[in-house]
Each structure stands twice: as structure tokens, then as C-alpha cells.
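Following: one structure in C-alpha cells, then a few remarks.
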Amino acid sequence: MKFIDPHIHMHARTTDDYERMAAAGIVAVIEPAFWLGQPRTSVGSYIDYLSSLVGWERFRAAQFGIRHYCTIGLNSKEANNEALAEQVMEILPRYLVKEGVVAVGEIGYDDQTPAEDRYYRAQLALAVQLDMLVMVHTPHRDKKAGTIRSMEVAVEMGMAPARVIIDHNNEETVQDVLDRGFWAGFTLYPNTKMGNERMVEIVRRYGPERIFVDSSADWGVSDPLAVPRTAQLMLERGIPVDHVEAVCYGNALAAYAQSGQMQAADWENPIPVDQRTLFEGNSVLRGQVPQVGVAPAAGLPLGELAFK
Amino acid sequence: MTPFSLIRHWLYERLPAEATAWFDGALDGVIRSTSDGDLNLAFGLVPRKLGKADLALTAEELRAAQGARAGWDPELWSVDQAARIALLLATQGDADAFVRRLDLLCATADVAELVALYRGLPLYPWPERHRLRAAEGVRTNMKAVFEAVAHANPYPAEQLSDGAWNQMVLKALFVGSALDPVVGLDGRANPALAQMLCDYAHERWSAGRPVSPELWRCVGPFATGAMIDDLSHVICTGGEAERLAAALALWRSRDPAAANVLQRHASLAAAAAASAVDRRAPRTLA
Ligand SMILES: [Zn+2]
């Protein structure tokens, strides 16, 4: 079975994780711009972070045969540093239009302060202006009210619910999110938020439509294999295979494919220029043979190899 | 035609009307603009607006490229790369402005943008002002970006100092990039590089790791003393490709000791001589 982890902070993970994720069947990841645990004090470190999401991290993932996409935004925690936030808002547009940027995100509320509200709205306006999707981080405290408020403000700012992904849902928020026509993401943190067992019951109860799971793995205690692990548990508990595939692959793809920046062909049948730039050698090409521009391997036509 | 007008012409021949209209507007914006905002946005939008198909130039178009700029080889360029380079070439201002603009684009670039920016090096005005940029491209650990500088690009051979050039060749071997697509590899060979490469071969042997047969190509013309011993070791113990590569290197050395070694390997010596005369014909050993 193939998997997508549509919310994971690979920036904070090791190559061991990439290796295990690829082995477990994860073919693509989405890395939302978020905070680093340590607050940033200047726009320069924000620029370098956003550049690493579209540059170095994309390359790192490709080495393991995993396609890396990202969302770009000013997170709710750092929205409270208004001097920084103003400067970040200025540089966001040039990152938002880059290739492989599938949404504005993760944005939304943390403490639900006025500053958070102002920059959430400003970024929703940016998404409308650039015709982009939005990934919403819902608050961990005062969750239900914060989630409903996030959706109401998104609609008020002109976003169509089908173009907004509401993430970090739980049993208390899912019904509202689905009823209003938004996508519902579920984060599978070990010990906190959603556990795998609870997730199985949610899929059993609500079915697979517009629901998907992610690991949100980052620099904290988290599990980059949460998606495949949950898939396995669902299968063991008798959830139909097509429902598991929808929740662990197909729905995330359907939601983010709306961006025009992510499609199954990216990893199933990459176009030549991507084969040359995004994949390291033959081994990770999943059976594809690059047509041009490949370094000759030792043992190939001798004269050509040594001297030409 | 200038490289800029050639690129624009190739894109017009390949893109649908809607895409060329966008591209015209973007070029116009960049030419008129007083800030870099238009350039930055257009630069990012290129794949969304024009796609990423290979340019797939004809033999005639490739000849035109050579005519417009000697050594320019856009055979593996894609539509988005060509368009991005054209946007940068369309900007106005002096050398300082151009360098600053290129620096900022590189600082905020994604992988594909970096590849395009480095592939464009041979076309940028004020070529001597981009040596640090090229060296920075060589310093990257992203192989595709490194190869955008090192492969099918005449800029390094024309502009890099011996020190920077030698780092580039050594790094190519380090990251597993082929040397064959490096433009000017034979012309820029030098004694210091030959010594570095032999030291590197020793490191690899000590670690029990294979040595690319291509390494010896830059050693040959300067092989002398202990380097001849290295080549002798390879010609006696190496695999088929390595043995031929060592024979070719010995054939190119001017040290009489090299001829002595070759004498003991008559069929390899003959193959080396034939390969060196008719360099394009792939040969295998009898
Ligand atoms: Zn997150």
C-alpha cells in the first residue's frame, strides 16, 4: 500500500526516518511551515527556513525517493511578534508561488489573540488573491471554539470550504468540520491528541470521506511512521481496504491536488526534468529508467567512459 | 541572434499562445520594473505558467546556440529553465545590480530554480563578476545543483581559478558525478590537480572503496614519479575500465617510466593509442 503523510516537519527529522518512511511505503510528504520550538528573532532566519523547505529538504527527501511538498505561511505563535510578522508577510508571496507549494499554511489560531486573528485573516486574503488552498492549524487549547472560529473566518474571507484543510481534529470537532464541507485532517501523536486506536473508531463511525491522517512529526515526541502504522491497525480492525487507502493516501492527494502542484504522476512517472533534478540515481526511481543526463556507471562502454 | 533572443524564439515555437502571452507580459514587466518584485514573482511562477517540458532542441537549434555563444550547450535544458534565465537576462541595470539580483534569487531559490540559475552562468553579462557565485554552486551538496555548474557548462573552464577548478573536479568524484560532461576537462588539467587526484585515489584504496576510472584522465598528462607507480598498480590490478583508463593516462604521460610500464601491457597500450587517436569511438578490449 502507498501512503502520503500530508503533515510532517522533516526539517527536524533524520535520514533514518526518511529511510524507514520510504521502506514503509510513504511516497510523498507535505511539510507545513511552522515554528522551530525556539522563537525566531529576525526575518532573515525565517527566509532561510522557508528556503530550506523548497530547497535542501526537497533534495534530501528526493534522495530517498520521497516527493516533498510544502505549505508556506506565518504560524500563529510567531504572529504574536508583530515586528517580525510584518516583515514575514512581505516575503511570503514570493515563496507561495513557487513550485510544489501546495497551500498557505499552517496558519490559524494558537492563543486566539488579536494579532493572531489579524495575520490569519491577512493570509486568507493572500490565499484568495493567489487562488491557493489553505491548511489550518487548529488550537490545542479551547479547541472546539477555536476550530469553529477558524472555519467561520475562512468563509468570511472568501475561501470555499473545499479548498481549506482543517488539521489536528478530534472527536469533538470532526462533525462540525465535515458538516461545513471542509477537509478534516487528524494528527496521530503518540500519547497526546489522537491515538491510533481512536482514529480507527473515527473512520469506522464517519467513513472515509474528506478525512485523512497525518503524523505532524517534528522535533517533539512523535512518530514519522504514524500513517502506515495506523493503516495497519485499521486493516487489522476490519476497516475496508479502500477506506484505509482513502484515509491514508487518496484523500490527502485529492485535497492537495486542487493546488495543481501535486499529482500521483510526480512519483509514479516523473517528467524528464524532474528525473534529472529531483532523484538521486537509478535506485530510488522506483523502476523508472531516466532517459537522459545520467552519469555512466562503471562497466559501461569503455572508450566513452574513460575518454571522449 | 543573441542567446536571449534565441531562447525567446525557442519558447515561442514550443508554447501555446496563452503561455507566450504570459511570458511576454512577464518580460515586459521585468524590463520596465524599477524594483525586483516583478522579477521575483514571475521567476517563481514560471513552471505554473509555462510547464516543465524538455526544450528538446533540434540539431540546428543547438548549432545556433553554439553560434550565439561558443560552448553554450542547452541540450538538456527544459522550458522553465530557459524561461527563468531569459527573465534574468531581461533585467536592466549595471553589474552591481545584476550580481545583487542573482544573489537574492539564489538565496530564496527552490531546487529547480537553483539548477536554472547555475545553468545560465555562461550567458550572464559581466562574466568575471560571477566567479564567487560559480564557486558557491560547486560548494552545494545538492547534486543536481552541483551538476548545473559542472556539467555541460563552459563557464567554469573559462572563469574559475586553478584552485576553484580543482575543487570542482575533486568534488565531482566525491559526489559520484561523471567527469566526462565537464567542459574543458583536458584543457584545464594541471599538476596540482593530478596530485590531489592521486591522493584521493589512495584514500579510496585505503578505505577499500572503488575509484572511478575517469579519475586518471586528469592525471595522465602530468603523471610522473609515484603517480606512475599508481597507474602501474591500476593497470595490473584494476577492472577492465580501470585498466584501459590507466593505459590511456600512461600513454599521455611524458615520463619515460610510463612508456616502460605500457610496454609490459601491449594490448592495452594498443587500445589506448587507438582510443586516443579516435576519441569518439567506443572501444572494448580484444
Ligand atoms: Zn505542524
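Residues are named by chain letter and number: chains run A, B, ... in the order of the C-alpha cells, numbers start at 1 in each chain, and ligands are numbered from 1 in the order shown.
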Report as a short mmCIF file (atom, residue, chain, number, x, y, z; two decimals) with N, CA and C atoms, in the first residue's frame the set of chain B residues whose atoms approach chain A to within 8 Å, with distances computed over only C-alpha atoms.
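Below is the file result.cif, written as the result:
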data_model
loop_
_atom_site.label_atom_id
_atom_site.label_comp_id
_atom_site.auth_asym_id
_atom_site.auth_seq_id
_atom_site.Cartn_x
_atom_site.Cartn_y
_atom_site.Cartn_z
N ASN B 40 10.93 38.65 -9.14
CA ASN B 40 10.83 37.57 -8.15
C ASN B 40 9.55 36.76 -8.33
N LEU B 41 8.45 37.47 -8.53
CA LEU B 41 7.17 36.79 -8.67
C LEU B 41 7.11 35.99 -9.98
N GLY B 44 9.22 32.84 -9.89
CA GLY B 44 8.60 31.73 -9.17
C GLY B 44 7.45 31.10 -9.94
N LEU B 45 6.72 31.93 -10.69
CA LEU B 45 5.51 31.45 -11.37
C LEU B 45 5.79 30.64 -12.64
N PRO B 47 7.05 27.73 -13.77
CA PRO B 47 6.54 26.37 -14.06
C PRO B 47 5.02 26.30 -14.06
N ARG B 48 4.36 27.10 -13.21
CA ARG B 48 2.89 27.09 -13.19
C ARG B 48 2.33 27.62 -14.51
N LYS B 52 6.98 22.39 -17.55
CA LYS B 52 8.37 21.98 -17.32
C LYS B 52 8.85 20.97 -18.36
N ALA B 53 8.26 21.01 -19.54
CA ALA B 53 8.67 20.05 -20.58
C ALA B 53 10.13 20.30 -20.96
N ASP B 54 10.77 19.27 -21.48
CA ASP B 54 12.11 19.47 -22.03
C ASP B 54 12.02 20.38 -23.25
N LEU B 76 20.10 19.73 -22.66
CA LEU B 76 19.26 19.15 -21.60
C LEU B 76 18.41 20.19 -20.88
N SER B 78 15.25 22.58 -19.92
CA SER B 78 13.80 22.47 -20.01
C SER B 78 13.20 23.86 -20.20
N ALA B 107 19.42 33.04 -3.01
CA ALA B 107 19.18 32.90 -1.56
C ALA B 107 17.79 32.38 -1.25
N THR B 108 16.84 32.63 -2.14
CA THR B 108 15.46 32.22 -1.86
C THR B 108 14.97 31.18 -2.87
N ALA B 109 15.89 30.51 -3.55
CA ALA B 109 15.51 29.63 -4.66
C ALA B 109 15.11 28.23 -4.19
N ASP B 110 14.22 27.60 -4.93
CA ASP B 110 13.99 26.17 -4.72
C ASP B 110 14.99 25.40 -5.59
N VAL B 111 14.96 24.06 -5.50
CA VAL B 111 15.98 23.26 -6.18
C VAL B 111 15.99 23.53 -7.68
N ALA B 112 14.81 23.52 -8.30
CA ALA B 112 14.74 23.70 -9.75
C ALA B 112 15.21 25.09 -10.16
N VAL B 115 19.01 25.14 -10.14
CA VAL B 115 19.56 24.49 -11.33
C VAL B 115 19.51 25.46 -12.52
N MET B 142 23.75 19.59 -3.05
CA MET B 142 22.66 19.11 -3.89
C MET B 142 23.25 18.76 -5.25
N LYS B 143 23.24 17.48 -5.57
CA LYS B 143 23.98 17.02 -6.75
C LYS B 143 23.50 17.68 -8.04
N ALA B 144 22.19 17.82 -8.18
CA ALA B 144 21.66 18.42 -9.42
C ALA B 144 22.14 19.86 -9.56
N VAL B 145 22.27 20.54 -8.44
CA VAL B 145 22.73 21.94 -8.48
C VAL B 145 24.22 21.97 -8.81
N SER B 177 29.56 12.27 -9.40
CA SER B 177 29.20 12.85 -10.69
C SER B 177 30.22 12.43 -11.74
N ALA B 178 29.76 12.27 -12.96
CA ALA B 178 30.67 11.90 -14.05
C ALA B 178 31.59 13.09 -14.37
N ASP B 180 33.08 13.13 -17.47
CA ASP B 180 33.00 13.29 -18.92
C ASP B 180 32.23 14.53 -19.38
N SER B 212 36.83 5.79 -9.42
CA SER B 212 36.28 5.97 -10.76
C SER B 212 37.41 5.94 -11.80
N PRO B 213 37.25 5.17 -12.88
CA PRO B 213 38.28 5.15 -13.93
C PRO B 213 38.50 6.54 -14.52
N GLU B 214 37.49 7.39 -14.42
CA GLU B 214 37.61 8.73 -15.01
C GLU B 214 38.68 9.57 -14.33
N ARG B 217 42.05 10.34 -16.03
CA ARG B 217 42.10 11.19 -17.23
C ARG B 217 42.84 12.51 -16.95
N GLU B 240 38.33 -3.94 -15.93
CA GLU B 240 38.57 -3.66 -17.34
C GLU B 240 38.62 -2.16 -17.64
N ALA B 241 37.62 -1.42 -17.14
CA ALA B 241 37.56 0.01 -17.44
C ALA B 241 38.74 0.74 -16.81
N LEU B 244 42.03 0.15 -18.83
CA LEU B 244 42.12 0.95 -20.05
C LEU B 244 42.36 2.42 -19.70
N ALA B 245 41.69 2.89 -18.66
CA ALA B 245 41.88 4.29 -18.25
C ALA B 245 43.32 4.53 -17.84
N SER B 275 42.23 4.56 -28.93
CA SER B 275 41.22 5.41 -28.30
C SER B 275 41.63 6.86 -28.33
N ALA B 276 42.90 7.10 -28.08
CA ALA B 276 43.36 8.48 -28.00
C ALA B 276 43.35 9.13 -29.38
N ARG B 279 38.93 9.46 -30.57
CA ARG B 279 38.42 9.54 -29.22
C ARG B 279 36.91 9.35 -29.10
N ARG B 280 36.21 9.46 -30.18
CA ARG B 280 34.77 9.36 -30.05
C ARG B 280 34.26 7.94 -30.19
N ALA B 281 35.13 7.06 -30.72
CA ALA B 281 34.65 5.69 -30.97
C ALA B 281 34.79 4.85 -29.71
N PRO B 282 33.70 4.34 -29.18
CA PRO B 282 33.81 3.47 -28.02
C PRO B 282 34.58 2.21 -28.39
N ARG B 283 35.47 1.82 -27.52
CA ARG B 283 36.26 0.62 -27.81
C ARG B 283 36.19 -0.33 -26.64
N THR B 284 36.27 -1.58 -26.96
CA THR B 284 36.41 -2.56 -25.90
C THR B 284 37.69 -3.32 -26.13
#
Test item: residues no farther than 9 Å from ligand 1, counting only C-alpha atoms and all ligand atoms, as a list in words: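 Listing the residues within 9 Å of ligand 1 gives His7, Ile8, His9, Glu31, Pro32, Ala33, Phe34, Trp35, Glu106, His137, Asp167, His168, Ser215, Ser216, Ala217 and Asp218 of chain A.
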A:Gly158, A:Gly207, A:Pro190, A:Gly108 ranked by distance to A:Thr138, top pick (using only C-alpha atoms):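 Closest to A:Thr138, using only C-alpha atoms: A:Gly108.
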Separation of atom CA of A:Asn75 from atom CA of A:Ala61, in Å and rounded to one decimal: 23.1 Å
Point-to-point distance from atom CA of A:Gln87 to atom CA of A:Leu130, Å rounded to tenths: 19.1 Å
Test item, helix (DSSP H, G or I) assignment across stretch 197-248 of chain B, answer as a PyMOL selection string: chain B and resi 197-206+213-218+220-222+226-237+240-248
For B:Ala97: contacts at 12 Å, only C-alpha atoms, fewer than 6 positions along chain excluded, given as a ChimeraX atom specification: /B:34-36,88,91,103-104,125-126,129
